[in-house]
$ cat target-v1.cif   # mmCIF, N, CA and C atoms
data_query
loop_
_atom_site.label_atom_id
_atom_site.label_comp_id
_atom_site.auth_asym_id
_atom_site.auth_seq_id
_atom_site.Cartn_x
_atom_site.Cartn_y
_atom_site.Cartn_z
N MET A 1 12.13 23.46 -6.81
CA MET A 1 11.63 22.24 -7.42
C MET A 1 10.40 22.59 -8.25
N GLY A 2 10.42 22.15 -9.49
CA GLY A 2 9.30 22.41 -10.39
C GLY A 2 8.15 21.46 -10.15
N LYS A 3 7.02 21.82 -10.76
CA LYS A 3 5.80 21.02 -10.60
C LYS A 3 6.02 19.58 -11.09
N GLU A 4 6.65 19.43 -12.24
CA GLU A 4 6.88 18.10 -12.80
C GLU A 4 7.79 17.27 -11.89
N THR A 5 8.82 17.90 -11.36
CA THR A 5 9.74 17.20 -10.45
C THR A 5 9.03 16.76 -9.19
N LEU A 6 8.15 17.61 -8.67
CA LEU A 6 7.38 17.26 -7.48
C LEU A 6 6.51 16.03 -7.74
N TRP A 7 5.83 15.99 -8.87
CA TRP A 7 4.97 14.85 -9.19
C TRP A 7 5.77 13.58 -9.43
N LEU A 8 6.95 13.73 -10.03
CA LEU A 8 7.82 12.55 -10.17
C LEU A 8 8.25 12.03 -8.80
N ALA A 9 8.55 12.93 -7.89
CA ALA A 9 8.93 12.53 -6.52
C ALA A 9 7.78 11.80 -5.84
N ILE A 10 6.56 12.30 -6.03
CA ILE A 10 5.37 11.64 -5.45
C ILE A 10 5.21 10.25 -6.05
N GLY A 11 5.37 10.13 -7.37
CA GLY A 11 5.25 8.83 -8.03
C GLY A 11 6.31 7.84 -7.55
N PHE A 12 7.55 8.32 -7.46
CA PHE A 12 8.63 7.44 -6.98
C PHE A 12 8.43 7.05 -5.51
N ALA A 13 7.96 7.98 -4.70
CA ALA A 13 7.71 7.67 -3.28
C ALA A 13 6.62 6.60 -3.17
N GLY A 14 5.58 6.73 -3.98
CA GLY A 14 4.52 5.72 -3.99
C GLY A 14 5.04 4.36 -4.42
N GLN A 15 5.89 4.36 -5.43
CA GLN A 15 6.45 3.09 -5.90
C GLN A 15 7.38 2.48 -4.86
N MET A 16 8.14 3.32 -4.16
CA MET A 16 9.02 2.81 -3.10
C MET A 16 8.21 2.20 -1.95
N ALA A 17 7.12 2.86 -1.57
CA ALA A 17 6.26 2.32 -0.51
C ALA A 17 5.65 1.00 -0.96
N PHE A 18 5.23 0.95 -2.21
CA PHE A 18 4.61 -0.26 -2.74
C PHE A 18 5.62 -1.41 -2.78
N THR A 19 6.83 -1.13 -3.18
CA THR A 19 7.88 -2.15 -3.19
C THR A 19 8.29 -2.52 -1.77
N GLY A 20 8.33 -1.54 -0.89
CA GLY A 20 8.71 -1.77 0.49
C GLY A 20 7.81 -2.75 1.21
N ARG A 21 6.56 -2.81 0.80
CA ARG A 21 5.62 -3.74 1.45
C ARG A 21 6.04 -5.18 1.21
N PHE A 22 6.57 -5.47 0.02
CA PHE A 22 7.04 -6.83 -0.25
C PHE A 22 8.31 -7.15 0.52
N LEU A 23 9.18 -6.18 0.66
CA LEU A 23 10.38 -6.38 1.46
C LEU A 23 10.00 -6.64 2.92
N LEU A 24 9.05 -5.86 3.43
CA LEU A 24 8.57 -6.05 4.79
C LEU A 24 8.00 -7.45 4.99
N GLN A 25 7.15 -7.87 4.06
CA GLN A 25 6.52 -9.19 4.17
C GLN A 25 7.56 -10.29 4.11
N TRP A 26 8.52 -10.17 3.23
CA TRP A 26 9.56 -11.18 3.09
C TRP A 26 10.40 -11.28 4.36
N LEU A 27 10.86 -10.14 4.87
CA LEU A 27 11.69 -10.15 6.07
C LEU A 27 10.91 -10.66 7.29
N TYR A 28 9.66 -10.24 7.40
CA TYR A 28 8.82 -10.69 8.52
C TYR A 28 8.62 -12.21 8.46
N SER A 29 8.35 -12.71 7.26
CA SER A 29 8.16 -14.16 7.10
C SER A 29 9.44 -14.91 7.41
N GLU A 30 10.57 -14.39 7.00
CA GLU A 30 11.85 -15.03 7.31
C GLU A 30 12.06 -15.06 8.82
N TYR A 31 11.75 -13.97 9.49
CA TYR A 31 11.90 -13.88 10.93
C TYR A 31 10.99 -14.88 11.65
N GLN A 32 9.77 -15.03 11.16
CA GLN A 32 8.79 -15.93 11.78
C GLN A 32 8.93 -17.37 11.30
N LYS A 33 9.76 -17.59 10.28
CA LYS A 33 10.00 -18.93 9.72
C LYS A 33 8.75 -19.55 9.09
N ARG A 34 7.84 -18.68 8.64
CA ARG A 34 6.66 -19.13 7.90
C ARG A 34 6.09 -17.93 7.15
N SER A 35 5.30 -18.18 6.15
CA SER A 35 4.76 -17.11 5.32
C SER A 35 3.62 -16.40 6.05
N LEU A 36 3.80 -15.12 6.30
CA LEU A 36 2.80 -14.28 6.98
C LEU A 36 2.73 -12.92 6.32
N ILE A 37 1.62 -12.24 6.52
CA ILE A 37 1.48 -10.87 6.04
C ILE A 37 1.28 -9.98 7.27
N PRO A 38 2.28 -9.16 7.60
CA PRO A 38 2.15 -8.29 8.76
C PRO A 38 1.21 -7.11 8.47
N VAL A 39 0.66 -6.51 9.51
CA VAL A 39 -0.26 -5.38 9.35
C VAL A 39 0.42 -4.24 8.61
N GLY A 40 1.71 -4.06 8.84
CA GLY A 40 2.45 -3.00 8.15
C GLY A 40 2.39 -3.12 6.64
N PHE A 41 2.23 -4.34 6.14
CA PHE A 41 2.09 -4.57 4.70
C PHE A 41 0.90 -3.78 4.16
N TRP A 42 -0.21 -3.83 4.91
CA TRP A 42 -1.43 -3.16 4.44
C TRP A 42 -1.31 -1.64 4.56
N TYR A 43 -0.61 -1.16 5.58
CA TYR A 43 -0.39 0.28 5.69
C TYR A 43 0.51 0.79 4.56
N LEU A 44 1.57 0.06 4.27
CA LEU A 44 2.43 0.46 3.15
C LEU A 44 1.67 0.38 1.83
N SER A 45 0.80 -0.62 1.69
CA SER A 45 -0.03 -0.73 0.49
C SER A 45 -0.93 0.49 0.34
N LEU A 46 -1.54 0.91 1.43
CA LEU A 46 -2.43 2.06 1.42
C LEU A 46 -1.68 3.35 1.08
N VAL A 47 -0.53 3.54 1.70
CA VAL A 47 0.29 4.74 1.42
C VAL A 47 0.75 4.73 -0.03
N GLY A 48 1.31 3.60 -0.46
CA GLY A 48 1.79 3.51 -1.83
C GLY A 48 0.69 3.71 -2.85
N SER A 49 -0.44 3.08 -2.60
CA SER A 49 -1.58 3.21 -3.51
C SER A 49 -2.10 4.64 -3.56
N SER A 50 -2.15 5.31 -2.42
CA SER A 50 -2.62 6.70 -2.38
C SER A 50 -1.72 7.61 -3.20
N LEU A 51 -0.42 7.45 -3.00
CA LEU A 51 0.54 8.28 -3.74
C LEU A 51 0.50 7.97 -5.23
N LEU A 52 0.43 6.68 -5.57
CA LEU A 52 0.37 6.31 -6.99
C LEU A 52 -0.95 6.74 -7.62
N LEU A 53 -2.03 6.70 -6.86
CA LEU A 53 -3.32 7.17 -7.38
C LEU A 53 -3.27 8.67 -7.66
N ALA A 54 -2.69 9.42 -6.74
CA ALA A 54 -2.55 10.86 -6.97
C ALA A 54 -1.72 11.13 -8.22
N TYR A 55 -0.63 10.39 -8.36
CA TYR A 55 0.24 10.53 -9.53
C TYR A 55 -0.51 10.17 -10.82
N ALA A 56 -1.29 9.08 -10.78
CA ALA A 56 -2.06 8.66 -11.95
C ALA A 56 -3.11 9.69 -12.34
N ILE A 57 -3.75 10.30 -11.34
CA ILE A 57 -4.74 11.34 -11.61
C ILE A 57 -4.05 12.54 -12.26
N TYR A 58 -2.90 12.91 -11.73
CA TYR A 58 -2.13 14.02 -12.33
C TYR A 58 -1.78 13.70 -13.78
N ARG A 59 -1.39 12.47 -14.04
CA ARG A 59 -1.01 12.05 -15.40
C ARG A 59 -2.24 11.79 -16.29
N GLN A 60 -3.42 11.76 -15.68
CA GLN A 60 -4.67 11.49 -16.38
C GLN A 60 -4.62 10.15 -17.12
N ASP A 61 -4.19 9.13 -16.39
CA ASP A 61 -4.05 7.78 -16.95
C ASP A 61 -5.19 6.91 -16.41
N PRO A 62 -6.24 6.68 -17.21
CA PRO A 62 -7.41 5.96 -16.70
C PRO A 62 -7.12 4.52 -16.29
N VAL A 63 -6.21 3.85 -16.96
CA VAL A 63 -5.87 2.47 -16.60
C VAL A 63 -5.23 2.43 -15.22
N PHE A 64 -4.27 3.30 -15.01
CA PHE A 64 -3.55 3.40 -13.75
C PHE A 64 -4.50 3.86 -12.63
N ILE A 65 -5.38 4.80 -12.92
CA ILE A 65 -6.35 5.31 -11.94
C ILE A 65 -7.28 4.17 -11.49
N LEU A 66 -7.80 3.42 -12.43
CA LEU A 66 -8.72 2.32 -12.09
C LEU A 66 -8.02 1.27 -11.25
N GLY A 67 -6.83 0.88 -11.66
CA GLY A 67 -6.09 -0.14 -10.93
C GLY A 67 -5.76 0.27 -9.50
N GLN A 68 -5.30 1.50 -9.31
CA GLN A 68 -4.95 1.98 -7.97
C GLN A 68 -6.19 2.22 -7.12
N SER A 69 -7.29 2.63 -7.73
CA SER A 69 -8.53 2.85 -6.98
C SER A 69 -9.04 1.54 -6.39
N PHE A 70 -9.03 0.49 -7.20
CA PHE A 70 -9.49 -0.81 -6.72
C PHE A 70 -8.59 -1.32 -5.60
N GLY A 71 -7.28 -1.22 -5.80
CA GLY A 71 -6.34 -1.66 -4.79
C GLY A 71 -6.53 -0.93 -3.48
N PHE A 72 -6.74 0.38 -3.54
CA PHE A 72 -6.94 1.20 -2.36
C PHE A 72 -8.10 0.67 -1.52
N ILE A 73 -9.18 0.31 -2.19
CA ILE A 73 -10.37 -0.21 -1.50
C ILE A 73 -10.05 -1.54 -0.81
N VAL A 74 -9.32 -2.41 -1.50
CA VAL A 74 -8.95 -3.71 -0.93
C VAL A 74 -8.06 -3.53 0.30
N TYR A 75 -7.07 -2.64 0.21
CA TYR A 75 -6.14 -2.43 1.33
C TYR A 75 -6.87 -1.84 2.54
N LEU A 76 -7.75 -0.90 2.27
CA LEU A 76 -8.53 -0.29 3.35
C LEU A 76 -9.43 -1.32 4.02
N ARG A 77 -10.05 -2.15 3.21
CA ARG A 77 -10.93 -3.19 3.76
C ARG A 77 -10.15 -4.18 4.64
N ASN A 78 -8.97 -4.56 4.22
CA ASN A 78 -8.16 -5.47 5.03
C ASN A 78 -7.82 -4.84 6.37
N LEU A 79 -7.50 -3.56 6.38
CA LEU A 79 -7.21 -2.88 7.64
C LEU A 79 -8.44 -2.81 8.54
N GLN A 80 -9.63 -2.63 7.94
CA GLN A 80 -10.87 -2.65 8.72
C GLN A 80 -11.10 -4.03 9.34
N LEU A 81 -10.88 -5.07 8.57
CA LEU A 81 -11.06 -6.43 9.09
C LEU A 81 -10.08 -6.73 10.22
N ILE A 82 -8.85 -6.27 10.08
CA ILE A 82 -7.85 -6.48 11.13
C ILE A 82 -8.25 -5.72 12.39
N ALA A 83 -8.74 -4.49 12.24
CA ALA A 83 -9.17 -3.70 13.40
C ALA A 83 -10.33 -4.39 14.12
N ARG A 84 -11.28 -4.92 13.38
CA ARG A 84 -12.40 -5.64 14.01
C ARG A 84 -11.92 -6.89 14.73
N GLN A 85 -11.01 -7.59 14.11
CA GLN A 85 -10.44 -8.80 14.71
C GLN A 85 -9.74 -8.46 16.02
N ASN A 86 -9.00 -7.36 16.04
CA ASN A 86 -8.30 -6.93 17.26
C ASN A 86 -9.27 -6.51 18.35
N GLU A 87 -10.38 -5.87 17.96
CA GLU A 87 -11.39 -5.47 18.94
C GLU A 87 -12.00 -6.69 19.63
N ARG A 88 -12.17 -7.76 18.89
CA ARG A 88 -12.76 -8.99 19.45
C ARG A 88 -11.73 -9.82 20.19
N GLY A 89 -10.48 -9.50 20.01
CA GLY A 89 -9.42 -10.29 20.63
C GLY A 89 -9.22 -11.61 19.92
N ASP A 90 -9.68 -11.68 18.69
CA ASP A 90 -9.60 -12.89 17.87
C ASP A 90 -8.27 -12.87 17.12
N ASP A 91 -7.39 -13.82 17.42
CA ASP A 91 -6.09 -13.82 16.76
C ASP A 91 -5.92 -15.00 15.79
N ARG A 92 -7.00 -15.41 15.18
CA ARG A 92 -6.92 -16.50 14.18
C ARG A 92 -6.15 -16.06 12.98
#
$ encode --input "target-v1.cif" --output "C-alpha cells"
Amino acid sequence: MGKETLWLAIGFAGQMAFTGRFLLQWLYSEYQKRSLIPVGFWYLSLVGSSLLLAYAIYRQDPVFILGQSFGFIVYLRNLQLIARQNERGDDR
C-alpha cells in the first residue's frame, strides 16, 4: 500500500466514523422513542474528527484543519461534561 492510498484510507475511515455517529444517534433515538444523543455519538465524533484532522493536515488544507480542530475541542468538552455528570451521579 502506497503512502497516498494509506492517507485516503485514513480519510475514508474518518468520514465513515463521522457518518456512523448520525446512524448511531438515529437508531438509538428510534429505540428510545425520543430524540437523544448517546455517549457513543461523542466518541465517534472524536475518532472521526481526529482521523479527518490528520488527513487535512496531510493535505495541508487550512479550511478543513480549522473546522476539524474546532469540532475536536467541542467533542472532547462534551465527553468531559458527561464524565463529570457521571461522577456526581447526576442523570439530568
$ atom_distance --input "target-v1.cif" --atom1 "atom N of Leu53 of chain A" --atom2 "atom CA of Ile37 of chain A"
22.1 Å
$ select_by_dssp --input "target-v1.cif" --residues "chain A" --states "helix (DSSP H, G or I)" --output "PyMOL selection string"
chain A and resi 3-32+39-59+62-88
$ atom_distance --input "target-v1.cif" --atom1 "atom N of Asp90 of chain A" --atom2 "atom CA of Ser29 of chain A"
21.4 Å
$ closest_residue --input "target-v1.cif" --among "A:Glu4, A:Ser69, A:Ser35, A:Ser45" --to "Gly20 of chain A" --atoms "all atoms listed in the file"
A:Ser45
$ closest_atom_pairs --input "target-v1.cif" --of "segment 27-71 of chain A" --to "segment 79-88 of chain A" --cutoff "8 Å" --atoms "only N, CA and C atoms" --output "CSV"
residue,atom,partner,partner_atom,distance
A:Val39,CA,A:Leu79,CA,7.6
A:Trp42,CA,A:Leu79,N,6.4
A:Tyr43,N,A:Leu79,CA,7.1
$ residues_near_point --input "target-v1.cif" --point "(5.3, -2.7, 0.6)" --cutoff "8 Å" --atoms "only N, CA and C atoms" --output "list in words"
Gln15, Met16, Ala17, Phe18, Thr19, Gly20, Arg21, Phe22, Leu23, Leu24, Gln25, Gly40, Phe41, Trp42, Tyr43, Leu44, Ser45, Leu46 and Gly48 of chain A
$ resolve_selection --input "target-v1.cif" --expression "the PyMOL selection byres (((chain A and resi 55 and name CA) around 10) and name CA)" --output "list in words"
Trp7, Leu8, Ala9, Ile10, Gly11, Phe12, Gly14, Ser49, Ser50, Leu51, Leu52, Leu53, Ala54, Ala56, Ile57, Tyr58, Arg59, Gln60, Asp61, Phe64 and Ile65 of chain A
$ axis_aligned_box --input "target-v1.cif" --around "segment 46-52 of chain A" --padding-each-side "6 Å" --output "lines of an AutoDock Vina configuration file"
center_x = -0.4
center_y = 4.6
center_z = -3.0
size_x = 16.4
size_y = 19.4
size_z = 21.3
